[in-house]
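**Student:** Hey, dropping data-v1.cif in here, mmCIF, C-alpha atoms:
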```cif
data_target
loop_
_atom_site.group_PDB
_atom_site.id
_atom_site.type_symbol
_atom_site.label_atom_id
_atom_site.label_comp_id
_atom_site.auth_asym_id
_atom_site.auth_seq_id
_atom_site.Cartn_x
_atom_site.Cartn_y
_atom_site.Cartn_z
ATOM 1 C CA MET A 1445 -19.732 20.280 2.876
ATOM 2 C CA THR A 1446 -16.214 19.817 1.496
ATOM 3 C CA ALA A 1447 -13.617 17.738 3.311
ATOM 4 C CA ILE A 1448 -9.892 17.113 3.050
ATOM 5 C CA ALA A 1449 -8.590 13.865 4.534
ATOM 6 C CA LEU A 1450 -4.922 13.158 5.259
ATOM 7 C CA LEU A 1451 -3.712 9.564 5.334
ATOM 8 C CA LEU A 1452 -0.948 9.478 7.946
ATOM 9 C CA PRO A 1453 1.415 6.841 9.378
ATOM 10 C CA SER A 1454 1.001 5.385 12.839
ATOM 11 C CA ARG A 1455 1.472 7.983 15.545
ATOM 12 C CA ASP A 1456 4.535 6.194 16.916
ATOM 13 C CA ARG A 1457 6.317 7.129 13.694
ATOM 14 C CA LEU A 1458 5.759 10.816 14.458
ATOM 15 C CA PRO A 1459 7.272 11.250 17.936
ATOM 16 C CA GLY A 1460 7.993 14.534 19.677
ATOM 17 C CA ALA A 1461 6.093 17.664 20.648
ATOM 18 C CA LEU A 1462 3.525 19.319 18.421
ATOM 19 C CA PRO A 1463 4.318 22.938 17.542
ATOM 20 C CA ARG A 1464 1.717 25.657 17.920
ATOM 21 C CA PRO A 1465 -0.823 26.450 16.522
ATOM 22 C CA ALA A 1466 -1.247 22.834 15.380
ATOM 23 C CA ALA A 1467 -1.184 21.625 19.006
ATOM 24 C CA ARG A 1468 -4.030 23.966 19.918
ATOM 25 C CA ALA A 1469 -6.139 23.011 16.893
ATOM 26 C CA LEU A 1470 -5.677 19.256 17.358
ATOM 27 C CA GLY A 1471 -6.505 19.529 21.054
ATOM 28 C CA ARG A 1472 -9.940 20.895 20.109
ATOM 29 C CA ALA A 1473 -10.618 18.196 17.481
ATOM 30 C CA ASP A 1474 -13.105 15.347 17.760
ATOM 31 C CA ARG A 1475 -11.324 12.051 18.278
ATOM 32 C CA GLU A 1476 -12.219 8.414 17.660
ATOM 33 C CA GLN A 1477 -10.388 5.099 17.669
ATOM 34 C CA LEU A 1478 -10.960 2.692 14.777
ATOM 35 C CA ASP A 1479 -9.310 -0.486 13.517
ATOM 36 C CA ALA A 1480 -5.535 -0.333 13.143
ATOM 37 C CA GLY A 1481 -3.532 -1.410 10.090
ATOM 38 C CA GLY A 1482 -2.862 -0.202 6.575
ATOM 39 C CA ARG A 1483 -5.610 -2.244 4.927
ATOM 40 C CA ALA A 1484 -8.192 -1.115 7.504
ATOM 41 C CA GLN A 1485 -7.091 2.479 6.948
ATOM 42 C CA LEU A 1486 -7.754 2.273 3.217
ATOM 43 C CA ARG A 1487 -11.100 0.574 3.707
ATOM 44 C CA ARG A 1488 -12.290 3.505 5.812
ATOM 45 C CA HIS A 1489 -12.147 5.612 2.657
ATOM 46 C CA PHE A 1490 -13.252 3.143 -0.019
ATOM 47 C CA ARG A 1491 -16.274 0.832 0.020
ATOM 48 C CA LEU A 1492 -15.788 -2.331 -2.001
ATOM 49 C CA THR A 1493 -18.417 -4.815 -3.126
ATOM 50 C CA PRO A 1494 -17.795 -7.591 -2.135
ATOM 51 C CA ASP A 1495 -16.312 -6.259 1.094
ATOM 52 C CA ARG A 1496 -12.693 -7.325 0.705
ATOM 53 C CA LEU A 1497 -9.489 -5.778 -0.645
ATOM 54 C CA PRO A 1498 -8.093 -7.884 -3.526
ATOM 55 C CA VAL A 1499 -4.813 -6.026 -4.038
ATOM 56 C CA ALA A 1500 -3.586 -8.108 -6.969
ATOM 57 C CA ALA A 1501 -6.804 -7.811 -8.991
ATOM 58 C CA LEU A 1502 -7.080 -4.069 -8.356
ATOM 59 C CA THR A 1503 -3.511 -3.277 -9.383
ATOM 60 C CA ARG A 1504 -3.788 -5.684 -12.320
ATOM 61 C CA ARG A 1505 -6.795 -3.792 -13.651
ATOM 62 C CA ALA A 1506 -4.967 -0.481 -13.179
ATOM 63 C CA ASP A 1507 -1.783 -1.734 -14.878
ATOM 64 C CA ALA A 1508 -3.242 -3.832 -17.681
ATOM 65 C CA GLY A 1509 -6.732 -2.501 -18.348
ATOM 66 C CA SER A 1510 -9.885 -4.587 -18.296
ATOM 67 C CA ASP A 1511 -8.452 -8.115 -18.591
ATOM 68 C CA ALA A 1512 -8.846 -8.939 -14.869
ATOM 69 C CA GLY A 1513 -12.233 -10.533 -15.525
ATOM 70 C CA ASN A 1514 -13.402 -13.106 -12.992
ATOM 71 C CA SER A 1515 -9.991 -14.726 -12.596
ATOM 72 C CA LEU A 1516 -8.304 -15.132 -9.244
ATOM 73 C CA TRP A 1517 -5.199 -12.951 -9.178
ATOM 74 C CA LEU A 1518 -2.051 -13.014 -7.089
ATOM 75 C CA ARG A 1519 0.752 -10.507 -7.080
ATOM 76 C CA ALA A 1520 4.008 -12.314 -7.877
ATOM 77 C CA ASP A 1521 6.424 -9.485 -7.246
ATOM 78 C CA PRO A 1522 10.151 -9.828 -7.958
ATOM 79 C CA ALA A 1523 11.914 -10.159 -4.620
ATOM 80 C CA HIS A 1524 15.383 -10.221 -3.105
ATOM 81 C CA VAL A 1525 15.999 -12.637 -0.237
ATOM 82 C CA ALA A 1526 19.272 -13.285 1.568
ATOM 83 C CA PRO A 1527 20.472 -15.873 4.096
ATOM 84 C CA ASP A 1528 21.875 -15.060 7.515
ATOM 85 C CA LEU A 1529 22.788 -17.088 10.590
ATOM 86 C CA ASN A 1530 19.142 -17.518 11.568
ATOM 87 C CA GLY A 1531 17.452 -18.228 8.258
ATOM 88 C CA VAL A 1532 16.564 -16.470 5.005
ATOM 89 C CA ARG A 1533 15.043 -12.998 5.014
ATOM 90 C CA LEU A 1534 13.100 -10.806 2.610
ATOM 91 C CA LEU A 1535 15.153 -7.652 2.031
ATOM 92 C CA GLY A 1536 13.382 -6.011 -0.906
ATOM 93 C CA TRP A 1537 10.686 -6.412 -3.538
ATOM 94 C CA GLY A 1538 9.017 -4.750 -6.489
ATOM 95 C CA GLU A 1539 9.901 -1.133 -7.114
ATOM 96 C CA GLY A 1540 12.537 -1.246 -4.371
ATOM 97 C CA LEU A 1541 14.678 -3.455 -6.628
ATOM 98 C CA GLY A 1542 14.842 -0.913 -9.453
ATOM 99 C CA MET A 1543 13.088 -3.202 -11.922
ATOM 100 C CA ASP A 1544 12.731 -2.218 -15.571
ATOM 101 C CA VAL A 1545 11.295 -3.756 -18.733
ATOM 102 C CA LEU A 1546 14.585 -5.471 -19.597
ATOM 103 C CA ASP A 1547 14.570 -7.270 -16.250
ATOM 104 C CA ALA A 1548 11.094 -8.621 -16.882
ATOM 105 C CA GLN A 1549 11.963 -9.674 -20.429
ATOM 106 C CA ALA A 1550 15.054 -11.527 -19.199
ATOM 107 C CA LEU A 1551 13.516 -13.341 -16.230
ATOM 108 C CA LEU A 1552 9.943 -14.138 -17.249
ATOM 109 C CA PRO A 1553 10.807 -16.794 -19.910
ATOM 110 C CA ILE A 1554 12.446 -19.093 -17.346
ATOM 111 C CA LEU A 1555 9.633 -18.646 -14.804
ATOM 112 C CA ARG A 1556 6.573 -19.009 -17.003
ATOM 113 C CA PRO A 1557 7.038 -22.764 -17.617
ATOM 114 C CA LEU A 1558 7.447 -23.385 -13.877
ATOM 115 C CA VAL A 1559 4.199 -21.673 -12.899
ATOM 116 C CA GLY A 1560 2.494 -22.967 -16.041
ATOM 117 C CA ASP A 1561 3.206 -26.544 -14.975
ATOM 118 C CA ALA A 1562 1.537 -25.687 -11.652
ATOM 119 C CA GLY A 1563 -1.569 -24.464 -13.490
ATOM 120 C CA TYR A 1564 -1.004 -20.699 -13.363
ATOM 121 C CA GLU A 1565 -0.220 -17.913 -15.832
ATOM 122 C CA LEU A 1566 2.514 -15.354 -15.063
ATOM 123 C CA ASP A 1567 3.121 -11.997 -16.712
ATOM 124 C CA ALA A 1568 4.391 -8.510 -15.921
ATOM 125 C CA PRO A 1569 1.957 -5.687 -16.739
ATOM 126 C CA HIS A 1570 4.394 -3.437 -14.851
ATOM 127 C CA PRO A 1571 8.124 -4.225 -14.443
ATOM 128 C CA ALA A 1572 7.854 -4.150 -10.639
ATOM 129 C CA ARG A 1573 4.326 -5.575 -10.254
ATOM 130 C CA TRP A 1574 3.984 -9.056 -11.694
ATOM 131 C CA SER A 1575 0.700 -10.933 -11.840
ATOM 132 C CA LEU A 1576 -0.265 -14.581 -11.513
ATOM 133 C CA ARG A 1577 -3.644 -15.672 -12.892
ATOM 134 C CA SER A 1578 -5.546 -18.741 -11.768
ATOM 135 C CA PRO A 1579 -9.143 -19.883 -12.267
ATOM 136 C CA ALA A 1580 -11.685 -18.460 -9.830
ATOM 137 C CA GLY A 1581 -12.218 -20.778 -6.891
ATOM 138 C CA THR A 1582 -8.666 -22.147 -6.870
ATOM 139 C CA PRO A 1583 -7.735 -22.941 -3.248
ATOM 140 C CA LEU A 1584 -4.880 -20.796 -1.960
ATOM 141 C CA PRO A 1585 -3.047 -20.631 1.358
ATOM 142 C CA ASP A 1586 -2.779 -17.388 3.302
ATOM 143 C CA PHE A 1587 -0.006 -15.180 1.921
ATOM 144 C CA VAL A 1588 1.748 -12.441 3.894
ATOM 145 C CA PRO A 1589 2.035 -8.954 2.322
ATOM 146 C CA PRO A 1590 5.703 -8.078 1.746
ATOM 147 C CA GLU A 1591 5.569 -4.970 3.933
ATOM 148 C CA ASP A 1592 4.598 -7.241 6.847
ATOM 149 C CA ALA A 1593 7.366 -9.754 6.105
ATOM 150 C CA VAL A 1594 10.366 -7.585 5.241
ATOM 151 C CA GLY A 1595 13.311 -8.458 7.471
ATOM 152 C CA ASP A 1596 11.567 -11.531 8.845
ATOM 153 C CA ASP A 1597 12.589 -15.159 8.406
ATOM 154 C CA LEU A 1598 10.894 -16.619 5.324
ATOM 155 C CA PHE A 1599 9.822 -19.600 7.425
ATOM 156 C CA ASN A 1600 7.334 -17.275 9.142
ATOM 157 C CA ALA A 1601 5.979 -15.888 5.878
ATOM 158 C CA ILE A 1602 5.616 -18.726 3.371
ATOM 159 C CA PRO A 1603 2.786 -21.306 3.689
ATOM 160 C CA GLN A 1604 3.694 -23.839 6.370
ATOM 161 C CA GLY A 1605 0.651 -26.103 6.546
ATOM 162 C CA ASP A 1606 0.827 -29.860 5.985
ATOM 163 C CA ASP A 1607 -2.058 -29.768 3.532
ATOM 164 C CA ALA A 1608 -1.510 -30.421 -0.164
ATOM 165 C CA VAL A 1609 -2.084 -26.781 -1.169
ATOM 166 C CA SER A 1610 0.618 -25.438 1.178
ATOM 167 C CA ARG A 1611 3.081 -28.134 0.146
ATOM 168 C CA ARG A 1612 2.448 -27.346 -3.512
ATOM 169 C CA TRP A 1613 3.186 -23.660 -3.001
ATOM 170 C CA ARG A 1614 6.333 -24.313 -0.957
ATOM 171 C CA ALA A 1615 7.603 -26.511 -3.777
ATOM 172 C CA LEU A 1616 6.800 -23.847 -6.383
ATOM 173 C CA ILE A 1617 8.556 -21.123 -4.374
ATOM 174 C CA THR A 1618 11.645 -23.340 -4.053
ATOM 175 C CA GLU A 1619 11.679 -24.093 -7.802
ATOM 176 C CA VAL A 1620 11.395 -20.382 -8.590
ATOM 177 C CA GLN A 1621 14.272 -19.516 -6.256
ATOM 178 C CA VAL A 1622 16.527 -22.209 -7.751
ATOM 179 C CA ALA A 1623 15.795 -21.045 -11.309
ATOM 180 C CA LEU A 1624 16.463 -17.393 -10.471
ATOM 181 C CA HIS A 1625 19.605 -18.135 -8.455
ATOM 182 C CA GLN A 1626 21.180 -19.752 -11.507
ATOM 183 C CA HIS A 1627 20.080 -17.101 -13.993
ATOM 184 C CA PRO A 1628 22.945 -15.140 -15.626
ATOM 185 C CA TRP A 1629 20.849 -11.962 -15.641
ATOM 186 C CA ASN A 1630 21.274 -11.732 -11.885
ATOM 187 C CA ARG A 1631 25.042 -11.767 -12.285
ATOM 188 C CA ALA A 1632 24.688 -8.851 -14.687
ATOM 189 C CA ARG A 1633 22.527 -6.998 -12.147
ATOM 190 C CA ALA A 1634 25.148 -7.600 -9.461
ATOM 191 C CA ASP A 1635 27.888 -6.275 -11.749
ATOM 192 C CA HIS A 1636 25.901 -3.029 -11.947
ATOM 193 C CA GLY A 1637 25.394 -2.833 -8.182
ATOM 194 C CA ARG A 1638 21.763 -3.931 -8.271
ATOM 195 C CA PRO A 1639 20.260 -6.582 -5.971
ATOM 196 C CA ALA A 1640 19.569 -10.012 -7.382
ATOM 197 C CA VAL A 1641 15.997 -10.948 -8.219
ATOM 198 C CA ASN A 1642 16.168 -14.364 -6.565
ATOM 199 C CA SER A 1643 12.556 -15.026 -5.555
ATOM 200 C CA LEU A 1644 8.939 -14.107 -6.224
ATOM 201 C CA TRP A 1645 6.696 -12.814 -3.456
ATOM 202 C CA PHE A 1646 3.134 -14.078 -3.778
ATOM 203 C CA TRP A 1647 0.452 -12.003 -2.036
ATOM 204 C CA GLY A 1648 -2.731 -9.950 -2.427
ATOM 205 C CA ALA A 1649 -4.981 -12.744 -3.721
ATOM 206 C CA GLY A 1650 -8.504 -12.042 -4.888
ATOM 207 C CA VAL A 1651 -11.021 -11.469 -7.659
ATOM 208 C CA ALA A 1652 -11.691 -7.956 -8.938
ATOM 209 C CA PRO A 1653 -14.519 -6.220 -7.039
ATOM 210 C CA ASP A 1654 -17.894 -5.557 -8.580
ATOM 211 C CA SER A 1655 -17.690 -1.917 -7.508
ATOM 212 C CA VAL A 1656 -15.585 0.569 -5.541
ATOM 213 C CA GLN A 1657 -17.220 3.663 -4.085
ATOM 214 C CA SER A 1658 -15.792 6.710 -2.366
ATOM 215 C CA SER A 1659 -16.820 10.286 -1.605
ATOM 216 C CA TYR A 1660 -13.513 11.675 -2.868
ATOM 217 C CA MET A 1661 -13.241 13.488 -6.165
ATOM 218 C CA ASN A 1662 -9.464 13.922 -5.874
ATOM 219 C CA VAL A 1663 -6.799 11.518 -4.596
ATOM 220 C CA ARG A 1664 -3.133 12.456 -4.349
ATOM 221 C CA SER A 1665 -0.768 9.542 -3.790
ATOM 222 C CA PRO A 1666 2.217 7.714 -5.299
ATOM 223 C CA ASP A 1667 0.851 4.370 -4.042
ATOM 224 C CA PRO A 1668 -0.298 2.078 -6.909
ATOM 225 C CA LEU A 1669 -2.984 0.432 -4.768
ATOM 226 C CA LEU A 1670 -4.454 3.754 -3.681
ATOM 227 C CA GLN A 1671 -4.347 4.998 -7.264
ATOM 228 C CA ALA A 1672 -6.132 1.820 -8.371
ATOM 229 C CA LEU A 1673 -8.850 2.274 -5.764
ATOM 230 C CA ALA A 1674 -9.284 5.913 -6.751
ATOM 231 C CA GLY A 1675 -9.539 4.998 -10.411
ATOM 232 C CA GLU A 1676 -12.165 2.356 -9.708
ATOM 233 C CA ALA A 1677 -14.162 4.921 -7.700
ATOM 234 C CA GLY A 1678 -13.962 7.525 -10.482
ATOM 235 C CA ALA A 1679 -11.739 9.974 -8.601
ATOM 236 C CA ALA A 1680 -9.129 12.122 -10.284
ATOM 237 C CA THR A 1681 -5.621 11.007 -9.309
ATOM 238 C CA THR A 1682 -2.321 12.817 -9.037
ATOM 239 C CA THR A 1683 0.789 10.649 -8.952
ATOM 240 C CA PRO A 1684 3.066 12.741 -6.705
ATOM 241 C CA ALA A 1685 1.897 13.050 -3.117
ATOM 242 C CA ALA A 1686 1.036 16.670 -2.320
ATOM 243 C CA ASP A 1687 1.117 18.319 1.096
ATOM 244 C CA THR A 1688 -2.307 19.845 0.654
ATOM 245 C CA ALA A 1689 -5.347 19.627 -1.575
ATOM 246 C CA ARG A 1690 -5.937 23.351 -1.831
ATOM 247 C CA GLY A 1691 -7.442 24.378 -5.128
ATOM 248 C CA ALA A 1692 -9.087 21.005 -5.713
ATOM 249 C CA ILE A 1693 -12.828 20.863 -6.294
ATOM 250 C CA GLY A 1694 -14.746 18.438 -4.085
ATOM 251 C CA ASP A 1695 -13.627 16.129 -1.299
ATOM 252 C CA SER A 1696 -9.923 15.228 -1.445
ATOM 253 C CA LEU A 1697 -7.753 12.483 -0.003
ATOM 254 C CA VAL A 1698 -4.026 13.192 0.387
ATOM 255 C CA ASP A 1699 -1.572 10.382 1.093
ATOM 256 C CA LEU A 1700 1.071 11.472 3.611
ATOM 257 C CA ARG A 1701 1.937 8.049 4.987
ATOM 258 C CA HIS A 1702 5.578 8.670 4.055
ATOM 259 C CA LEU A 1703 5.907 11.410 6.697
ATOM 260 C CA ARG A 1704 8.348 10.717 9.535
ATOM 261 C CA SER A 1705 8.615 14.220 10.977
ATOM 262 C CA LEU A 1706 6.099 15.672 13.397
ATOM 263 C CA ASP A 1707 7.671 19.071 12.834
ATOM 264 C CA VAL A 1708 6.906 18.901 9.109
ATOM 265 C CA LEU A 1709 3.317 17.932 9.872
ATOM 266 C CA GLY A 1710 2.910 20.685 12.471
ATOM 267 C CA THR A 1711 4.699 23.541 10.702
ATOM 268 C CA GLN A 1712 4.362 22.854 6.967
ATOM 269 C CA VAL A 1713 1.298 20.681 6.377
ATOM 270 C CA LEU A 1714 -1.310 21.728 8.938
ATOM 271 C CA PRO A 1715 -0.943 25.554 9.191
ATOM 272 C CA PRO A 1716 -1.895 26.335 5.563
ATOM 273 C CA LEU A 1717 -4.775 23.870 5.755
ATOM 274 C CA LEU A 1718 -6.047 25.373 9.009
ATOM 275 C CA ALA A 1719 -5.790 28.865 7.519
ATOM 276 C CA SER A 1720 -7.675 27.718 4.428
ATOM 277 C CA MET A 1721 -10.406 26.207 6.592
ATOM 278 C CA GLU A 1722 -10.672 29.479 8.553
ATOM 279 C CA ARG A 1723 -11.275 31.258 5.236
ATOM 280 C CA ASP A 1724 -14.192 28.869 4.740
ATOM 281 C CA GLU A 1725 -12.575 27.266 1.679
ATOM 282 C CA PHE A 1726 -13.511 23.827 3.001
ATOM 283 C CA ASP A 1727 -15.417 22.522 6.015
ATOM 284 C CA THR A 1728 -13.650 19.545 7.537
ATOM 285 C CA LEU A 1729 -10.068 18.371 7.942
ATOM 286 C CA LEU A 1730 -9.642 14.695 8.803
ATOM 287 C CA LEU A 1731 -6.384 13.241 10.116
ATOM 288 C CA ASP A 1732 -6.467 9.449 9.731
ATOM 289 C CA PHE A 1733 -3.548 7.581 11.337
ATOM 290 C CA GLU A 1734 -2.618 4.009 10.432
ATOM 291 C CA ASP A 1735 -2.934 2.927 14.068
ATOM 292 C CA GLY A 1736 -6.673 3.698 13.894
ATOM 293 C CA THR A 1737 -6.723 7.097 15.599
ATOM 294 C CA ARG A 1738 -8.761 9.684 13.722
ATOM 295 C CA LEU A 1739 -8.970 13.406 14.465
ATOM 296 C CA ARG A 1740 -11.723 15.492 12.875
ATOM 297 C CA LEU A 1741 -11.272 19.268 12.752
ATOM 298 C CA ARG A 1742 -13.991 21.785 11.928
ATOM 299 C CA ARG A 1743 -14.011 25.570 11.787
ATOM 300 C CA GLY A 1744 -16.349 26.013 14.763
ATOM 301 C CA GLN A 1745 -13.994 24.126 17.086
ATOM 302 C CA ARG A 1746 -11.937 27.281 17.611
ATOM 303 C CA TRP A 1747 -14.467 28.224 20.305
ATOM 304 C CA ARG A 1748 -13.568 25.192 22.433
ATOM 305 C CA PHE A 1749 -11.377 27.266 24.740
ATOM 306 C CA TRP A 1750 -11.619 24.755 27.578
ATOM 307 C CA ARG A 1751 -9.788 22.073 25.569
ATOM 308 C CA LYS A 1752 -6.076 21.698 26.284
ATOM 309 C CA SER A 1753 -3.523 21.717 23.467
ATOM 310 C CA LEU A 1754 -2.437 18.304 22.213
ATOM 311 C CA ARG A 1755 1.210 18.336 23.229
ATOM 312 C CA SER A 1756 2.034 15.108 21.357
ATOM 313 C CA LEU A 1757 0.166 12.678 19.120
ATOM 314 C CA ASP A 1758 0.294 9.898 21.713
ATOM 315 C CA ALA A 1759 -1.381 12.081 24.375
#
```
Rewrite the structure of this file - the entire thing - as structure tokens.
**Tutor:**
Amino acid sequence: MTAIALLLPSRDRLPGALPRPAARALGRADREQLDAGGRAQLRRHFRLTPDRLPVAALTRRADAGSDAGNSLWLRADPAHVAPDLNGVRLLGWGEGLGMDVLDAQALLPILRPLVGDAGYELDAPHPARWSLRSPAGTPLPDFVPPEDAVGDDLFNAIPQGDDAVSRRWRALITEVQVALHQHPWNRARADHGRPAVNSLWFWGAGVAPDSVQSSYMNVRSPDPLLQALAGEAGAATTTPAADTARGAIGDSLVDLRHLRSLDVLGTQVLPPLLASMERDEFDTLLLDFEDGTRLRLRRGQRWRFWRKSLRSLDA
């Protein structure tokens, strides 16, 4: 059996009424509720040994080759923070700042001694994805992924414990911010209408997995983490996200988490896939939403006449 799986955003990001015939087809689908969240969504499609998702180590291996080894890796992404009346907030990071090689070459020399004095090694295998290496077993506080912290007060996102490890990291983050605030390169970025790189966002800690397995032979996504997982599992990857996986050989995973239009899903994405499944070109279509809802469509479900159409995704 051949399957196509669509990674989709949470259903609350796709409001409105489903157009026909998508509403009829989804109403006849099998439905289950699984764990919510972006990390849980990815782990439904990839099996890692050990069973954890070390984002930094995975993207490091994808960006820099085989040097991940047994080190403990953290992402140390360039970030832009700004004060307001109620604190300081994360407003952007990584690729959202328009980073290039010249940015990394200008900023890394002032930061490397700071993190080196703290016992870590900093480099930039990709201009927007920086890496921090530490020996395996180094104690680390819990770090918040940037997508969960954007717009929030930094007080809620940086380590706040009274233990020595948390205090050490708060001091390092402060030293990094002071060094970057005073750097002339940020004035040059501002002169060109680009946001200042005035902090580093530490997150995604972990050691590279022993193995990553998946049933997919093809993965279509612009997401570096998903591409890294696919590469580890031996799947063929396509950088641009595609609306369908027609023409691919074997099971395919298509990343559509960027969608914000139910009409696009119901009129442009699903109809050609449903028609292809009716022609027996593949067996199963899986819709996996970030909130944990999963709909499984098969060709034989067209005989479920007693099922009502799914008028909206939150029905």
**Student:** Report, in Å to a single decimal, how far apart CA of Val1545 in chain A and CA of Ile1602 in chain A are.
**Tutor:**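 According to the coordinates, CA of Ile1602 in chain A and CA of Val1545 in chain A are separated by 27.3 Å.
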**Student:** Name all residues at most 7 Å from Leu1644 in chain A (count all atoms listed in the file; drop same-chain ones fewer than 5 positions away) and give them as a VMD selection string.
**Tutor:** chain A and resid 1520 to 1523
**Student:** Select, counting all atoms listed in the file, all protein, DNA and RNA residues no farther than 10 Å from (7.8, -7.8, 6.9) in file coordinates, and express the selection as a ChimeraX atom specification.
**Tutor:** /A:1533-1536,1588-1598,1600-1601
**Student:** Quick one: apply the PyMOL selection byres ((chain A and resi 1676) around 12) to the file and drop the selected residues here as an NGL selection string.
**Tutor:** :A and (1490-1493 or 1501-1506 or 1509-1510 or 1652-1658 or 1660-1661 or 1663 or 1669-1675 or 1677-1681)
**Student:** Could you list, as a ChimeraX atom specification, every residue within 8 Å of Arg1519 in chain A, counting all atoms listed in the file and ignoring same-chain residues fewer than 5 positions away?
**Tutor:** /A:1499-1500,1573-1576,1645-1649
**Student:** For the atom pair CA of His1702 in chain A and CA of Pro1715 in chain A, what is the interatomic distance in Å to one decimal place?
**Tutor:** 18.8 Å
**Student:** The PyMOL selection byres ((chain A and resi 1448-1451) around 7) on the file shown: which residues, as an NGL selection string?
**Tutor:** :A and (1447 or 1452 or 1689 or 1695-1701 or 1728-1733)
**Student:** Choose the residue, out of A:Ala1568, A:Leu1757, A:Ala1640, A:Val1713, that has the smallest atom-to-atom separation from Pro1553 in chain A; count all atoms listed in the file.
**Tutor:**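 Result for the nearest residue to Pro1553 in chain A: A:Ala1568.
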**Student:** For a test of reading the model, state the distance in Å between CA of Val1532 in chain A and CA of Thr1618 in chain A, rounded to one decimal.
**Tutor:**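 These atoms are spaced 12.4 Å apart.
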**Student:** Out of A:Asp1561, A:Asp1667, A:Asp1607, A:Asp1586, which residue has the shortest atom-to-atom distance to Glu1619 in chain A when counting only C-alpha atoms?
**Tutor:** A:Asp1561
**Student:** I'd like the residues picked by the PyMOL selection byres ((chain A and resi 1458-1473) around 10) written out as a PyMOL selection string, using the chain letters and numbers from the file.
**Tutor:** chain A and resi 1452-1457+1474-1476+1703-1711+1713-1715+1718+1729-1731+1738-1759
**Student:** Residues as selected, C-alpha atoms, written as an mmCIF file, in the coordinates of the input, can you do that?
**Tutor:**
```
data_model
loop_
_atom_site.group_PDB
_atom_site.id
_atom_site.type_symbol
_atom_site.label_atom_id
_atom_site.label_comp_id
_atom_site.auth_asym_id
_atom_site.auth_seq_id
_atom_site.Cartn_x
_atom_site.Cartn_y
_atom_site.Cartn_z
ATOM 1 C CA LEU A 1452 -0.948 9.478 7.946
ATOM 2 C CA PRO A 1453 1.415 6.841 9.378
ATOM 3 C CA SER A 1454 1.001 5.385 12.839
ATOM 4 C CA ARG A 1455 1.472 7.983 15.545
ATOM 5 C CA ASP A 1456 4.535 6.194 16.916
ATOM 6 C CA ARG A 1457 6.317 7.129 13.694
ATOM 7 C CA ASP A 1474 -13.105 15.347 17.760
ATOM 8 C CA ARG A 1475 -11.324 12.051 18.278
ATOM 9 C CA GLU A 1476 -12.219 8.414 17.660
ATOM 10 C CA LEU A 1703 5.907 11.410 6.697
ATOM 11 C CA ARG A 1704 8.348 10.717 9.535
ATOM 12 C CA SER A 1705 8.615 14.220 10.977
ATOM 13 C CA LEU A 1706 6.099 15.672 13.397
ATOM 14 C CA ASP A 1707 7.671 19.071 12.834
ATOM 15 C CA VAL A 1708 6.906 18.901 9.109
ATOM 16 C CA LEU A 1709 3.317 17.932 9.872
ATOM 17 C CA GLY A 1710 2.910 20.685 12.471
ATOM 18 C CA THR A 1711 4.699 23.541 10.702
ATOM 19 C CA VAL A 1713 1.298 20.681 6.377
ATOM 20 C CA LEU A 1714 -1.310 21.728 8.938
ATOM 21 C CA PRO A 1715 -0.943 25.554 9.191
ATOM 22 C CA LEU A 1718 -6.047 25.373 9.009
ATOM 23 C CA LEU A 1729 -10.068 18.371 7.942
ATOM 24 C CA LEU A 1730 -9.642 14.695 8.803
ATOM 25 C CA LEU A 1731 -6.384 13.241 10.116
ATOM 26 C CA ARG A 1738 -8.761 9.684 13.722
ATOM 27 C CA LEU A 1739 -8.970 13.406 14.465
ATOM 28 C CA ARG A 1740 -11.723 15.492 12.875
ATOM 29 C CA LEU A 1741 -11.272 19.268 12.752
ATOM 30 C CA ARG A 1742 -13.991 21.785 11.928
ATOM 31 C CA ARG A 1743 -14.011 25.570 11.787
ATOM 32 C CA GLY A 1744 -16.349 26.013 14.763
ATOM 33 C CA GLN A 1745 -13.994 24.126 17.086
ATOM 34 C CA ARG A 1746 -11.937 27.281 17.611
ATOM 35 C CA TRP A 1747 -14.467 28.224 20.305
ATOM 36 C CA ARG A 1748 -13.568 25.192 22.433
ATOM 37 C CA PHE A 1749 -11.377 27.266 24.740
ATOM 38 C CA TRP A 1750 -11.619 24.755 27.578
ATOM 39 C CA ARG A 1751 -9.788 22.073 25.569
ATOM 40 C CA LYS A 1752 -6.076 21.698 26.284
ATOM 41 C CA SER A 1753 -3.523 21.717 23.467
ATOM 42 C CA LEU A 1754 -2.437 18.304 22.213
ATOM 43 C CA ARG A 1755 1.210 18.336 23.229
ATOM 44 C CA SER A 1756 2.034 15.108 21.357
ATOM 45 C CA LEU A 1757 0.166 12.678 19.120
ATOM 46 C CA ASP A 1758 0.294 9.898 21.713
ATOM 47 C CA ALA A 1759 -1.381 12.081 24.375
#
```
**Student:** Can you work out which one of A:Glu1734, A:Asp1528, A:Asp1727, A:Asp1567 has the shortest atom-to-atom distance to Asp1507 in chain A, counting all atoms listed in the file?
**Tutor:**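 Result for the nearest residue to Asp1507 in chain A: A:Asp1567.
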**Student:** Between A:Leu1616, A:Ala1526, A:Ala1608, A:Leu1478, which one has atoms that come closest to Tyr1564 in chain A, using all atoms listed in the file?
**Tutor:**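 Nearest candidate to Tyr1564 in chain A out of A:Leu1616, A:Ala1526, A:Ala1608, A:Leu1478: A:Leu1616.
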**Student:** Pick out the closest residue to Pro1668 in chain A from this set: A:Gly1605, A:Gly1560, A:Leu1518, A:Glu1539. Count all atoms listed in the file.
**Tutor:**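 Among the listed residues, A:Glu1539 lies closest to Pro1668 in chain A.
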**Student:** From the options A:Leu1497, A:Asp1511, A:Ser1643, A:Pro1557, which residue's atoms come nearest to Arg1483 in chain A, counting only C-alpha atoms?
**Tutor:** A:Leu1497
**Student:** Residues within 7 Å of range 1578-1585 of chain A, please, as a list of chain:residue names. Count all atoms listed in the file; anything in the same chain fewer than 5 positions from it doesn't count.
**Tutor:**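 Everything that qualifies: A:Asn1514, A:Ser1515, A:Leu1516, A:Trp1517, A:Tyr1564, A:Glu1565, A:Pro1603, A:Val1609, A:Ser1610.
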